[in-house]
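*Asks:* What follows is final.tsv, made up of TSV, C-alpha atoms and all ligand atoms:
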```tsv
chain	number	residue	atom	x	y	z
A	1	ASP	CA	-7.12	-31.86	-4.78
A	2	PRO	CA	-10.64	-33.34	-4.77
A	3	LYS	CA	-9.17	-36.86	-4.60
A	4	SER	CA	-7.21	-36.22	-1.42
A	5	PRO	CA	-8.58	-38.14	1.59
A	6	ILE	CA	-9.15	-34.95	3.61
A	7	GLY	CA	-11.04	-33.33	0.75
A	8	PRO	CA	-10.25	-30.17	-1.19
A	9	ASP	CA	-8.44	-27.36	0.59
A	10	PRO	CA	-11.05	-24.63	1.16
A	11	PHE	CA	-8.39	-21.95	0.82
A	12	GLN	CA	-7.45	-23.25	-2.60
A	13	THR	CA	-10.79	-21.87	-3.71
A	14	VAL	CA	-9.66	-18.28	-3.18
A	15	ALA	CA	-5.88	-18.69	-3.27
A	16	LYS	CA	-5.56	-17.66	-6.89
A	17	GLU	CA	-7.67	-14.55	-6.30
A	18	MET	CA	-5.25	-13.49	-3.55
A	19	LYS	CA	-2.35	-13.23	-6.00
A	20	PHE	CA	-4.04	-10.31	-7.71
A	21	LEU	CA	-4.93	-8.62	-4.47
A	22	THR	CA	-1.53	-7.26	-3.48
A	23	LYS	CA	-0.80	-6.07	-6.99
A	24	ASN	CA	-4.09	-4.19	-7.24
A	25	ILE	CA	-3.69	-2.70	-3.76
A	26	SER	CA	-0.26	-1.46	-4.69
A	27	GLN	CA	-1.79	0.13	-7.80
A	28	LEU	CA	-4.52	1.79	-5.74
A	29	LEU	CA	-1.82	3.31	-3.54
A	30	GLY	CA	0.29	4.66	-6.35
A	31	SER	CA	1.33	8.28	-6.10
A	32	ARG	CA	3.67	10.19	-8.34
A	33	HIS	CA	4.98	11.79	-5.22
A	34	PRO	CA	7.86	9.38	-4.62
A	35	THR	CA	8.00	9.65	-0.83
A	36	LEU	CA	4.24	9.31	-0.38
A	37	ASP	CA	4.31	6.36	-2.77
A	38	THR	CA	6.96	4.65	-0.63
A	39	VAL	CA	5.27	5.29	2.72
A	40	ALA	CA	1.78	4.35	1.49
A	41	LYS	CA	3.03	1.07	0.04
A	42	TYR	CA	5.27	0.26	3.00
A	43	TYR	CA	2.92	-2.13	4.85
A	44	THR	CA	1.96	-3.82	1.61
A	45	GLN	CA	5.57	-4.98	1.19
A	46	SER	CA	5.47	-7.21	4.28
A	47	GLU	CA	3.05	-10.11	4.05
A	48	GLY	CA	0.00	-9.57	6.20
A	49	LYS	CA	-2.40	-12.35	7.08
A	50	TYR	CA	-5.04	-10.98	4.67
A	51	VAL	CA	-7.78	-12.23	6.97
A	52	ARG	CA	-10.31	-9.61	5.88
A	53	PRO	CA	-9.95	-9.93	2.10
A	54	MET	CA	-9.87	-13.71	2.47
A	55	LEU	CA	-13.19	-13.56	4.33
A	56	VAL	CA	-14.72	-11.28	1.69
A	57	LEU	CA	-13.67	-13.63	-1.10
A	58	LEU	CA	-14.87	-16.75	0.73
A	59	MET	CA	-18.17	-15.06	1.62
A	60	SER	CA	-18.62	-13.94	-2.00
A	61	ARG	CA	-18.11	-17.48	-3.23
A	62	ALA	CA	-20.21	-19.09	-0.49
A	63	THR	CA	-23.14	-16.74	-1.18
A	64	ALA	CA	-22.84	-17.02	-4.97
A	65	ILE	CA	-24.92	-20.20	-4.77
A	66	ALA	CA	-27.21	-18.96	-1.97
A	67	PRO	CA	-30.65	-17.41	-2.66
A	68	LYS	CA	-30.66	-14.16	-4.66
A	69	SER	CA	-32.85	-11.11	-4.31
A	70	GLY	CA	-34.04	-8.92	-7.11
A	71	ARG	CA	-31.74	-6.20	-5.80
A	72	SER	CA	-30.25	-4.48	-8.81
A	73	LEU	CA	-28.64	-1.28	-7.68
A	74	ILE	CA	-25.38	-1.96	-9.42
A	75	PRO	CA	-25.24	-1.01	-13.06
A	76	GLU	CA	-24.00	-3.96	-15.11
A	77	SER	CA	-21.15	-1.83	-16.35
A	78	VAL	CA	-19.59	-1.61	-12.89
A	79	ASN	CA	-18.65	-5.26	-12.94
A	80	LYS	CA	-17.26	-4.86	-16.44
A	81	SER	CA	-15.20	-1.77	-15.85
A	82	PHE	CA	-14.27	0.23	-12.79
A	83	ALA	CA	-12.65	3.06	-14.58
A	84	SER	CA	-14.41	5.26	-16.96
A	85	PRO	CA	-11.73	7.31	-18.72
A	86	SER	CA	-14.16	10.19	-18.89
A	87	ILE	CA	-14.01	10.63	-15.10
A	88	LEU	CA	-11.09	12.76	-14.00
A	89	VAL	CA	-10.39	11.45	-10.52
A	90	ASP	CA	-7.23	13.09	-9.53
A	91	GLU	CA	-6.47	16.31	-11.26
A	92	ASN	CA	-3.63	18.14	-9.59
A	93	PRO	CA	-2.24	21.57	-10.27
A	94	SER	CA	1.10	21.31	-11.97
A	95	THR	CA	3.14	21.65	-8.83
A	96	PRO	CA	6.85	21.26	-9.50
A	97	GLY	CA	8.02	17.80	-8.56
A	98	TYR	CA	4.48	16.50	-8.46
A	99	SER	CA	2.52	15.22	-11.40
A	100	PRO	CA	-1.06	13.95	-11.34
A	101	THR	CA	-1.69	10.39	-10.37
A	102	THR	CA	-3.12	8.22	-13.06
A	103	SER	CA	-3.10	4.89	-11.26
A	104	LEU	CA	-6.82	4.88	-10.57
A	105	SER	CA	-7.71	5.07	-14.21
A	106	ASN	CA	-5.92	1.78	-14.76
A	107	GLU	CA	-8.12	-1.29	-14.72
A	108	PRO	CA	-7.58	-3.66	-11.84
A	109	VAL	CA	-6.16	-7.01	-12.89
A	110	TYR	CA	-8.03	-10.15	-11.91
A	111	SER	CA	-7.94	-13.81	-12.71
A	112	SER	CA	-9.07	-14.27	-16.28
A	113	GLU	CA	-10.62	-17.61	-15.41
A	114	ASP	CA	-14.36	-17.83	-15.07
A	115	SER	CA	-15.18	-17.24	-11.48
A	116	ASP	CA	-18.25	-16.86	-9.33
A	117	ILE	CA	-16.61	-13.96	-7.52
A	118	LEU	CA	-17.65	-10.64	-9.09
A	119	PRO	CA	-15.03	-7.98	-9.87
A	120	SER	CA	-16.87	-5.66	-7.47
A	121	GLN	CA	-16.48	-8.24	-4.69
A	122	ARG	CA	-12.76	-8.62	-5.43
A	123	ARG	CA	-12.45	-4.86	-5.30
A	124	LEU	CA	-14.25	-4.88	-1.96
A	125	ALA	CA	-11.65	-7.36	-0.67
A	126	GLU	CA	-8.92	-4.88	-1.63
A	127	ILE	CA	-10.78	-2.00	0.02
A	128	THR	CA	-11.09	-3.91	3.31
A	129	GLU	CA	-7.35	-4.52	3.37
A	130	LEU	CA	-6.69	-0.83	2.62
A	131	ILE	CA	-8.90	0.35	5.47
A	132	HIS	CA	-7.36	-2.21	7.80
A	133	THR	CA	-3.81	-1.22	6.87
A	134	ALA	CA	-4.61	2.48	7.27
A	135	SER	CA	-5.93	1.78	10.75
A	136	LEU	CA	-2.76	-0.16	11.63
A	137	ILE	CA	-0.53	2.73	10.51
A	138	HIS	CA	-2.51	5.12	12.70
A	139	ASP	CA	-2.66	2.59	15.52
A	140	ASP	CA	1.11	2.22	15.57
A	141	VAL	CA	1.46	6.00	15.90
A	142	ILE	CA	-1.07	6.08	18.76
A	143	ASP	CA	0.48	3.06	20.51
A	144	HIS	CA	4.08	4.25	19.96
A	145	SER	CA	4.64	0.82	18.51
A	146	GLU	CA	8.05	-0.07	17.11
A	147	SER	CA	7.32	-3.14	15.02
A	148	ARG	CA	4.64	-4.54	12.77
A	149	ARG	CA	4.64	-7.69	10.65
A	150	GLY	CA	8.16	-8.43	11.80
A	151	ALA	CA	9.61	-5.12	10.55
A	152	PRO	CA	9.95	-1.59	11.95
A	153	SER	CA	6.51	0.03	12.04
A	154	ALA	CA	5.85	2.94	9.65
A	155	ASN	CA	6.11	5.54	12.42
A	156	ILE	CA	9.62	4.28	13.18
A	157	ALA	CA	10.64	3.98	9.53
A	158	PHE	CA	9.25	7.36	8.39
A	159	GLY	CA	8.18	9.27	11.50
A	160	ASN	CA	4.73	10.07	12.87
A	161	LYS	CA	3.86	12.85	10.42
A	162	MET	CA	4.37	10.80	7.29
A	163	ALA	CA	2.76	7.73	8.86
A	164	VAL	CA	-0.42	9.67	9.74
A	165	LEU	CA	-0.57	11.27	6.31
A	166	ALA	CA	0.01	7.95	4.54
A	167	GLY	CA	-2.86	6.42	6.54
A	168	ASP	CA	-5.11	9.30	5.49
A	169	PHE	CA	-4.04	8.87	1.88
A	170	MET	CA	-4.95	5.18	2.04
A	171	LEU	CA	-8.40	6.03	3.36
A	172	GLY	CA	-8.80	8.53	0.54
A	173	ARG	CA	-7.90	5.95	-2.06
A	174	ALA	CA	-10.08	3.34	-0.39
A	175	SER	CA	-12.95	5.85	-0.58
A	176	VAL	CA	-12.41	6.46	-4.28
A	177	ALA	CA	-12.39	2.71	-4.97
A	178	LEU	CA	-15.53	2.37	-2.85
A	179	ALA	CA	-17.32	5.15	-4.74
A	180	ARG	CA	-16.43	3.39	-7.99
A	181	LEU	CA	-18.49	0.39	-6.91
A	182	ARG	CA	-21.53	2.66	-7.46
A	183	ASP	CA	-23.43	0.98	-4.65
A	184	PRO	CA	-24.71	3.48	-2.06
A	185	GLU	CA	-25.52	0.83	0.57
A	186	VAL	CA	-22.07	-0.73	0.36
A	187	THR	CA	-20.48	2.73	0.42
A	188	GLU	CA	-22.47	3.59	3.54
A	189	LEU	CA	-21.42	0.35	5.24
A	190	LEU	CA	-17.70	0.82	4.65
A	191	ALA	CA	-17.82	4.54	5.48
A	192	THR	CA	-19.48	3.58	8.77
A	193	VAL	CA	-16.63	1.15	9.41
A	194	ILE	CA	-14.10	3.99	9.19
A	195	ALA	CA	-16.12	5.99	11.72
A	196	ASN	CA	-16.50	2.90	13.93
A	197	LEU	CA	-12.74	2.31	14.01
A	198	VAL	CA	-12.26	5.77	15.44
A	199	GLU	CA	-15.15	5.33	17.90
A	200	GLY	CA	-13.65	2.05	19.11
A	201	GLU	CA	-10.28	3.68	19.55
A	202	PHE	CA	-11.88	6.49	21.57
A	203	MET	CA	-13.70	4.01	23.81
A	204	GLN	CA	-10.33	2.39	24.40
A	205	LEU	CA	-8.68	5.70	25.34
A	206	LYS	CA	-11.28	5.87	28.08
A	207	ASN	CA	-11.03	2.44	29.61
A	208	THR	CA	-14.28	2.55	31.55
A	209	ALA	CA	-17.43	4.48	30.75
A	210	GLN	CA	-16.56	7.30	33.15
A	211	ASP	CA	-12.83	6.69	33.27
A	212	GLU	CA	-12.97	6.73	37.07
A	213	LYS	CA	-10.01	6.67	39.43
A	214	HIS	CA	-11.61	3.83	41.44
A	215	PRO	CA	-13.60	1.75	38.98
A	216	MET	CA	-15.87	-1.00	40.28
A	217	TRP	CA	-16.28	-4.26	38.41
A	218	THR	CA	-19.81	-4.65	37.09
A	219	GLU	CA	-21.41	-6.62	34.26
A	220	ASP	CA	-21.18	-3.35	32.30
A	221	THR	CA	-17.39	-3.64	32.42
A	222	VAL	CA	-17.49	-6.56	30.01
A	223	THR	CA	-20.33	-5.05	27.97
A	224	TYR	CA	-18.29	-1.89	27.44
A	225	TYR	CA	-15.24	-3.92	26.44
A	226	LEU	CA	-17.29	-5.94	23.93
A	227	GLN	CA	-18.83	-2.80	22.44
A	228	LYS	CA	-15.38	-1.34	22.00
A	229	THR	CA	-14.21	-4.62	20.49
A	230	TYR	CA	-17.07	-4.61	18.00
A	231	LEU	CA	-16.20	-1.10	16.90
A	232	LYS	CA	-12.45	-1.51	16.63
A	233	SER	CA	-12.36	-5.01	15.12
A	234	ALA	CA	-15.65	-6.70	14.36
A	235	SER	CA	-17.23	-3.77	12.52
A	236	LEU	CA	-14.87	-4.03	9.54
A	237	ILE	CA	-15.15	-7.81	9.34
A	238	SER	CA	-18.94	-7.95	9.78
A	239	LYS	CA	-19.82	-5.04	7.51
A	240	SER	CA	-17.50	-6.23	4.76
A	241	CYS	CA	-19.05	-9.71	4.89
A	242	ARG	CA	-22.43	-8.01	4.66
A	243	ALA	CA	-21.25	-5.87	1.75
A	244	ALA	CA	-19.94	-8.95	-0.08
A	245	ALA	CA	-23.37	-10.58	0.16
A	246	LEU	CA	-25.06	-7.35	-0.96
A	247	LEU	CA	-22.82	-7.02	-4.01
A	248	GLY	CA	-23.74	-10.59	-4.88
A	249	GLN	CA	-27.48	-9.67	-4.82
A	250	SER	CA	-28.19	-12.04	-1.92
A	251	THR	CA	-31.57	-12.14	-0.18
A	252	PRO	CA	-31.97	-10.18	3.09
A	253	GLU	CA	-31.71	-13.46	5.05
A	254	VAL	CA	-28.38	-14.32	3.45
A	255	VAL	CA	-27.13	-10.75	3.97
A	256	GLU	CA	-28.02	-10.99	7.69
A	257	ALA	CA	-26.33	-14.38	7.98
A	258	ALA	CA	-23.16	-13.02	6.37
A	259	TYR	CA	-23.19	-10.08	8.78
A	260	SER	CA	-23.77	-12.29	11.82
A	261	TYR	CA	-20.93	-14.61	10.77
A	262	GLY	CA	-18.57	-11.64	10.43
A	263	LYS	CA	-19.63	-10.02	13.68
A	264	ASN	CA	-19.13	-13.17	15.75
A	265	LEU	CA	-15.89	-14.10	14.02
A	266	GLY	CA	-14.63	-10.53	14.44
A	267	LEU	CA	-15.34	-10.55	18.17
A	268	ALA	CA	-13.58	-13.92	18.52
A	269	PHE	CA	-10.65	-12.61	16.47
A	270	GLN	CA	-10.05	-9.65	18.81
A	271	LEU	CA	-10.56	-11.75	21.97
A	272	VAL	CA	-7.81	-14.07	20.73
A	273	ASP	CA	-5.68	-11.04	19.85
A	274	ASP	CA	-6.03	-9.74	23.40
A	275	MET	CA	-5.14	-13.20	24.74
A	276	LEU	CA	-2.04	-13.52	22.54
A	277	ASP	CA	-0.80	-10.19	23.92
A	278	TYR	CA	-0.38	-12.08	27.22
A	279	THR	CA	0.79	-15.44	25.96
A	280	ILE	CA	2.98	-15.07	22.87
A	281	SER	CA	6.44	-13.53	22.43
A	282	GLY	CA	6.97	-10.38	20.39
A	283	VAL	CA	9.17	-12.32	17.97
A	284	GLU	CA	6.37	-14.72	17.10
A	285	LEU	CA	3.76	-11.95	16.98
A	286	GLY	CA	5.88	-9.74	14.74
A	287	LYS	CA	4.80	-6.81	16.94
A	288	PRO	CA	5.42	-5.92	20.59
A	289	ALA	CA	3.97	-8.43	23.09
A	290	GLY	CA	2.56	-7.52	26.47
A	291	ALA	CA	1.83	-4.10	25.03
A	292	ASP	CA	-1.72	-3.65	26.31
A	293	LEU	CA	-0.90	-3.31	30.02
A	294	GLU	CA	2.03	-1.05	29.16
A	295	LEU	CA	-0.47	1.13	27.28
A	296	GLY	CA	-2.76	1.15	30.30
A	297	LEU	CA	-5.32	-1.10	28.62
A	298	ALA	CA	-7.42	-3.63	30.48
A	299	THR	CA	-8.54	-6.25	27.97
A	300	ALA	CA	-10.62	-9.43	28.43
A	301	PRO	CA	-8.04	-11.57	30.31
A	302	LEU	CA	-7.57	-8.84	32.89
A	303	LEU	CA	-11.27	-7.99	33.12
A	304	PHE	CA	-12.10	-11.62	33.93
A	305	ALA	CA	-9.27	-11.75	36.48
A	306	TRP	CA	-10.57	-8.52	38.01
A	307	LYS	CA	-14.03	-10.03	38.47
A	308	ASP	CA	-12.51	-12.62	40.83
A	309	ASN	CA	-9.92	-10.34	42.41
A	310	LYS	CA	-11.24	-6.88	43.17
A	311	ALA	CA	-7.72	-5.72	44.15
A	312	LEU	CA	-7.09	-5.24	40.41
A	313	GLY	CA	-9.52	-2.29	40.38
A	314	ALA	CA	-6.93	0.08	41.84
A	315	LEU	CA	-4.44	-0.83	39.10
A	316	VAL	CA	-7.09	-0.43	36.39
A	317	GLY	CA	-7.99	2.97	37.85
A	318	ARG	CA	-4.44	4.26	37.52
A	319	LYS	CA	-3.91	2.47	34.18
A	320	PHE	CA	-1.05	0.34	35.52
A	321	SER	CA	1.06	3.48	35.69
A	322	GLN	CA	2.94	2.97	39.00
A	323	ALA	CA	6.20	1.08	39.17
A	324	GLY	CA	5.50	-2.64	39.39
A	325	ASP	CA	1.83	-2.32	38.35
A	326	VAL	CA	2.26	-4.04	34.99
A	327	GLN	CA	4.23	-6.91	36.55
A	328	LYS	CA	1.68	-7.28	39.35
A	329	ALA	CA	-1.25	-7.29	36.92
A	330	ARG	CA	0.49	-9.90	34.76
A	331	GLU	CA	0.96	-12.16	37.79
A	332	LEU	CA	-2.65	-11.79	38.89
A	333	VAL	CA	-3.90	-12.56	35.38
A	334	ALA	CA	-1.63	-15.61	35.21
A	335	GLN	CA	-2.96	-16.88	38.56
A	336	SER	CA	-6.56	-16.31	37.46
A	337	SER	CA	-8.76	-18.08	34.95
A	338	GLY	CA	-8.84	-14.89	32.84
A	339	LEU	CA	-7.04	-16.40	29.86
A	340	GLU	CA	-9.19	-19.55	29.89
A	341	GLN	CA	-12.36	-17.47	30.17
A	342	THR	CA	-11.22	-15.32	27.25
A	343	ARG	CA	-10.59	-18.40	25.13
A	344	ALA	CA	-13.97	-19.86	26.14
A	345	LEU	CA	-15.75	-16.65	25.12
A	346	ALA	CA	-13.89	-16.64	21.78
A	347	GLN	CA	-15.01	-20.25	21.30
A	348	GLU	CA	-18.63	-19.21	21.97
A	349	TYR	CA	-18.46	-16.51	19.32
A	350	VAL	CA	-16.86	-18.89	16.84
A	351	ASP	CA	-19.68	-21.37	17.44
A	352	LYS	CA	-22.20	-18.58	16.78
A	353	ALA	CA	-20.36	-17.61	13.57
A	354	ILE	CA	-20.53	-21.18	12.28
A	355	GLN	CA	-24.20	-21.41	13.31
A	356	ALA	CA	-24.97	-18.19	11.42
A	357	ILE	CA	-24.03	-19.68	8.05
A	358	SER	CA	-25.42	-23.17	8.70
A	359	ALA	CA	-28.22	-22.67	6.17
A	360	PHE	CA	-25.77	-21.81	3.36
A	361	PRO	CA	-25.61	-24.53	0.71
A	362	GLU	CA	-22.62	-26.83	1.16
A	363	SER	CA	-19.54	-25.71	-0.76
A	364	ASP	CA	-15.77	-25.50	-0.48
A	365	ALA	CA	-16.14	-21.79	0.26
A	366	LYS	CA	-18.55	-22.46	3.13
A	367	GLN	CA	-16.05	-25.02	4.43
A	368	GLY	CA	-13.39	-22.31	4.11
A	369	LEU	CA	-15.46	-19.93	6.22
A	370	ILE	CA	-15.78	-22.62	8.90
A	371	GLU	CA	-12.06	-23.36	8.73
A	372	MET	CA	-11.36	-19.65	9.10
A	373	CYS	CA	-13.13	-19.85	12.47
A	374	GLU	CA	-10.91	-22.70	13.59
A	375	LYS	CA	-7.84	-20.85	12.37
A	376	VAL	CA	-8.76	-17.79	14.41
A	377	LEU	CA	-8.87	-19.88	17.58
A	378	LYS	CA	-5.59	-21.68	16.84
A	379	ARG	CA	-3.56	-18.75	15.55
A	380	ARG	CA	-0.36	-17.70	17.25
A	381	ASN	CA	0.25	-14.42	15.46
B	1	LIG	C1	-5.24	-2.50	16.38
B	1	LIG	O1	-5.47	-2.66	17.73
B	1	LIG	C2	-6.04	-1.33	15.91
B	1	LIG	C3	-7.28	-1.36	15.41
B	1	LIG	C4	-8.00	-2.64	15.25
B	1	LIG	C5	-8.02	-0.12	15.01
B	1	LIG	C6	-7.24	1.17	15.15
B	1	LIG	C7	-8.06	2.36	14.78
B	1	LIG	C8	-7.59	3.60	14.78
B	1	LIG	C9	-6.17	3.90	15.14
B	1	LIG	C10	-8.49	4.72	14.45
B	1	LIG	C11	-8.09	5.37	13.14
B	1	LIG	C12	-8.79	4.65	12.07
B	1	LIG	C13	-8.55	4.70	10.71
B	1	LIG	C14	-9.54	4.10	9.81
B	1	LIG	C15	-7.37	5.31	10.12
B	1	LIG	P1	-4.32	-2.99	18.78
B	1	LIG	O2	-3.48	-1.81	19.05
B	1	LIG	O3	-5.01	-3.61	19.94
B	1	LIG	O4	-3.54	-4.13	18.01
B	1	LIG	P2	-2.02	-4.32	17.68
B	1	LIG	O5	-1.52	-5.21	18.76
B	1	LIG	O6	-2.04	-5.03	16.34
B	1	LIG	O7	-1.32	-3.02	17.63
B	2	MG	MG	-1.47	-1.34	18.60
B	3	MG	MG	-4.07	0.08	19.57
```
Mind turning this structure into structure tokens?

*Replies:*
Amino acid sequence: DPKSPIGPDPFQTVAKEMKFLTKNISQLLGSRHPTLDTVAKYYTQSEGKYVRPMLVLLMSRATAIAPKSGRSLIPESVNKSFASPSILVDENPSTPGYSPTTSLSNEPVYSSEDSDILPSQRRLAEITELIHTASLIHDDVIDHSESRRGAPSANIAFGNKMAVLAGDFMLGRASVALARLRDPEVTELLATVIANLVEGEFMQLKNTAQDEKHPMWTEDTVTYYLQKTYLKSASLISKSCRAAALLGQSTPEVVEAAYSYGKNLGLAFQLVDDMLDYTISGVELGKPAGADLELGLATAPLLFAWKDNKALGALVGRKFSQAGDVQKARELVAQSSGLEQTRALAQEYVDKAIQAISAFPESDAKQGLIEMCEKVLKRRN
């Protein structure tokens, strides 16, 4: 409400777009194989936070009024229609009990109102959520997690095999939707994200560069952690913000600013995530709390505590695997300034994110991007 004393709600500006998001995602995940259909759509039933699509939509709107380049890779027709009926996407042999999927030849449904968000940018928002959800399904298998978004995780509900396959299916469908955008640079960005997610996960499997038995704390310890954090979390957020600006034909400066916003916000987002693992109950998180130490993972709060208490090195080296290690590490983190330092670093990144878009023209969407930063710092799940 523009007349309200606190001004218009920045999220109002994309709220109506979000309604179409879940419906279109569900359509993208349709399979005539009934079990695959159920497993693939499982995480779309429970409400996620939709942070990534929200950011894509806000960035699209905020850059719609920013300077434009002459970039014209995208054929006009792409924003008019995603699905050319002449393209046979998904032709299957007539296996008994399995008939070809037709869902991708259906047009996505978007707000009919005039909007400065392009259909290709809305589709990008859906793709980011698909890639994110696929990575969560796989992550829950890897982490032996039992809950997600307040419900049993897919690996618990359907078993590891179907969970892994459903994640792969989602990536396949995300790739088809991406190809349909007919923008090679955007395709390359999002394909790189998928590779980065795996690279980040591999860096995490090996907690330190050499995975030593007796690791020493050095400045590289934090650098390694931040690189891993970029790959597993900030890559998707930053590259999708970049892609949103590219689809909107923004100038190289605006594209860089969008990327820098996403990168810094993404790093802050994961730092807060790693902090909440120590500070919030599993009930409030909707997923297991205190899981990182149990998984042998030393995240920012512990790394900062370790800097001041070198005794933690032995526990890091054996991945908190001996009886009492997890409890001991938790106590040492609690006694240290590790959590405060983590929050302070997240605050620094948030400040950089806001700084990155300072030259954007004032708008509700820009305000929304700034508010998103504040939300990331304040969130409790
Ligand atoms: C959540 O981290 C997980 C990620 C951000 C990325 C996971 C990536 C993979 C499993 C690689 C496979 C990738 C694809 C694209 C299928 P977390 O375990 O710290 O967070 P959580 O507390 O939400 O479980
Ligand atoms: Mg996990
Ligand atoms: Mg994990």

*Asks:* Neighbours of Ser250 (chain A) within 12 Å (all atoms listed in the file; same-chain residues fewer than 3 positions away dropped), as a list in words?

*Replies:* Met59, Ser60, Arg61, Ala62, Thr63, Ala64, Ile65, Ala66, Pro67, Lys68, Ser69, Gly70, Arg71, Ser72, Cys241, Arg242, Ala243, Ala244, Ala245, Leu246, Leu247, Glu253, Val254, Val255, Glu256, Ala257, Ala258, Tyr259 and Phe360 of chain A

*Asks:* Please determine, counting all atoms listed in the file, which residue among A:Ser46, A:Thr223, A:Asn309, A:Gln367 has the shortest atom-to-atom distance to Ser147 (chain A).

*Replies:* A:Ser46

*Asks:* For chain A versus ligand LIG 1 (chain B), which residues have an atom no more than 7 Å away, and what is each residue's nearest atom pair and distance in Å rounded to one decimal, using all atoms listed in the file, chain-then-number order, as CSV?

*Replies:*
```
residue,atom,partner,partner_atom,distance
A:Ile131,CA,B:LIG1,C14,5.8
A:His132,CA,B:LIG1,C14,7.0
A:Ala134,CA,B:LIG1,C15,4.9
A:Ser135,CA,B:LIG1,C15,3.9
A:Leu136,CA,B:LIG1,C2,5.5
A:His138,CA,B:LIG1,C9,4.6
A:Asp139,CA,B:LIG1,C9,3.8
A:Asp140,CA,B:LIG1,O7,6.1
A:Ile142,CA,B:LIG1,C9,6.6
A:Asp143,CA,B:LIG1,O2,6.4
A:Gly167,CA,B:LIG1,C15,5.9
A:Asp168,CA,B:LIG1,C15,6.5
A:Leu171,CA,B:LIG1,C14,6.8
A:Ile194,CA,B:LIG1,C14,4.6
A:Leu197,CA,B:LIG1,C7,4.7
A:Val198,CA,B:LIG1,C10,4.0
A:Glu201,CA,B:LIG1,C7,5.4
A:Lys232,CA,B:LIG1,C4,4.8
A:Ser233,CA,B:LIG1,C4,5.0
A:Lys287,CA,B:LIG1,O5,6.8
```

*Asks:* Which residue out of A:Lys228, A:His33, A:Arg180, A:Lys16 has the minimum interatomic distance to ligand MG 3 (chain B) when only C-alpha atoms and all ligand atoms are used?

*Replies:*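 Closest residue, counting only C-alpha atoms and all ligand atoms: A:Lys228.
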
*Asks:* Closest to ligand MG 3 (chain B) among A:Ala166, A:Ile237, A:Leu377, A:Leu205, using all atoms listed in the file?

*Replies:*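 That would be A:Leu205, the residue with the smallest distance to ligand MG 3 (chain B).
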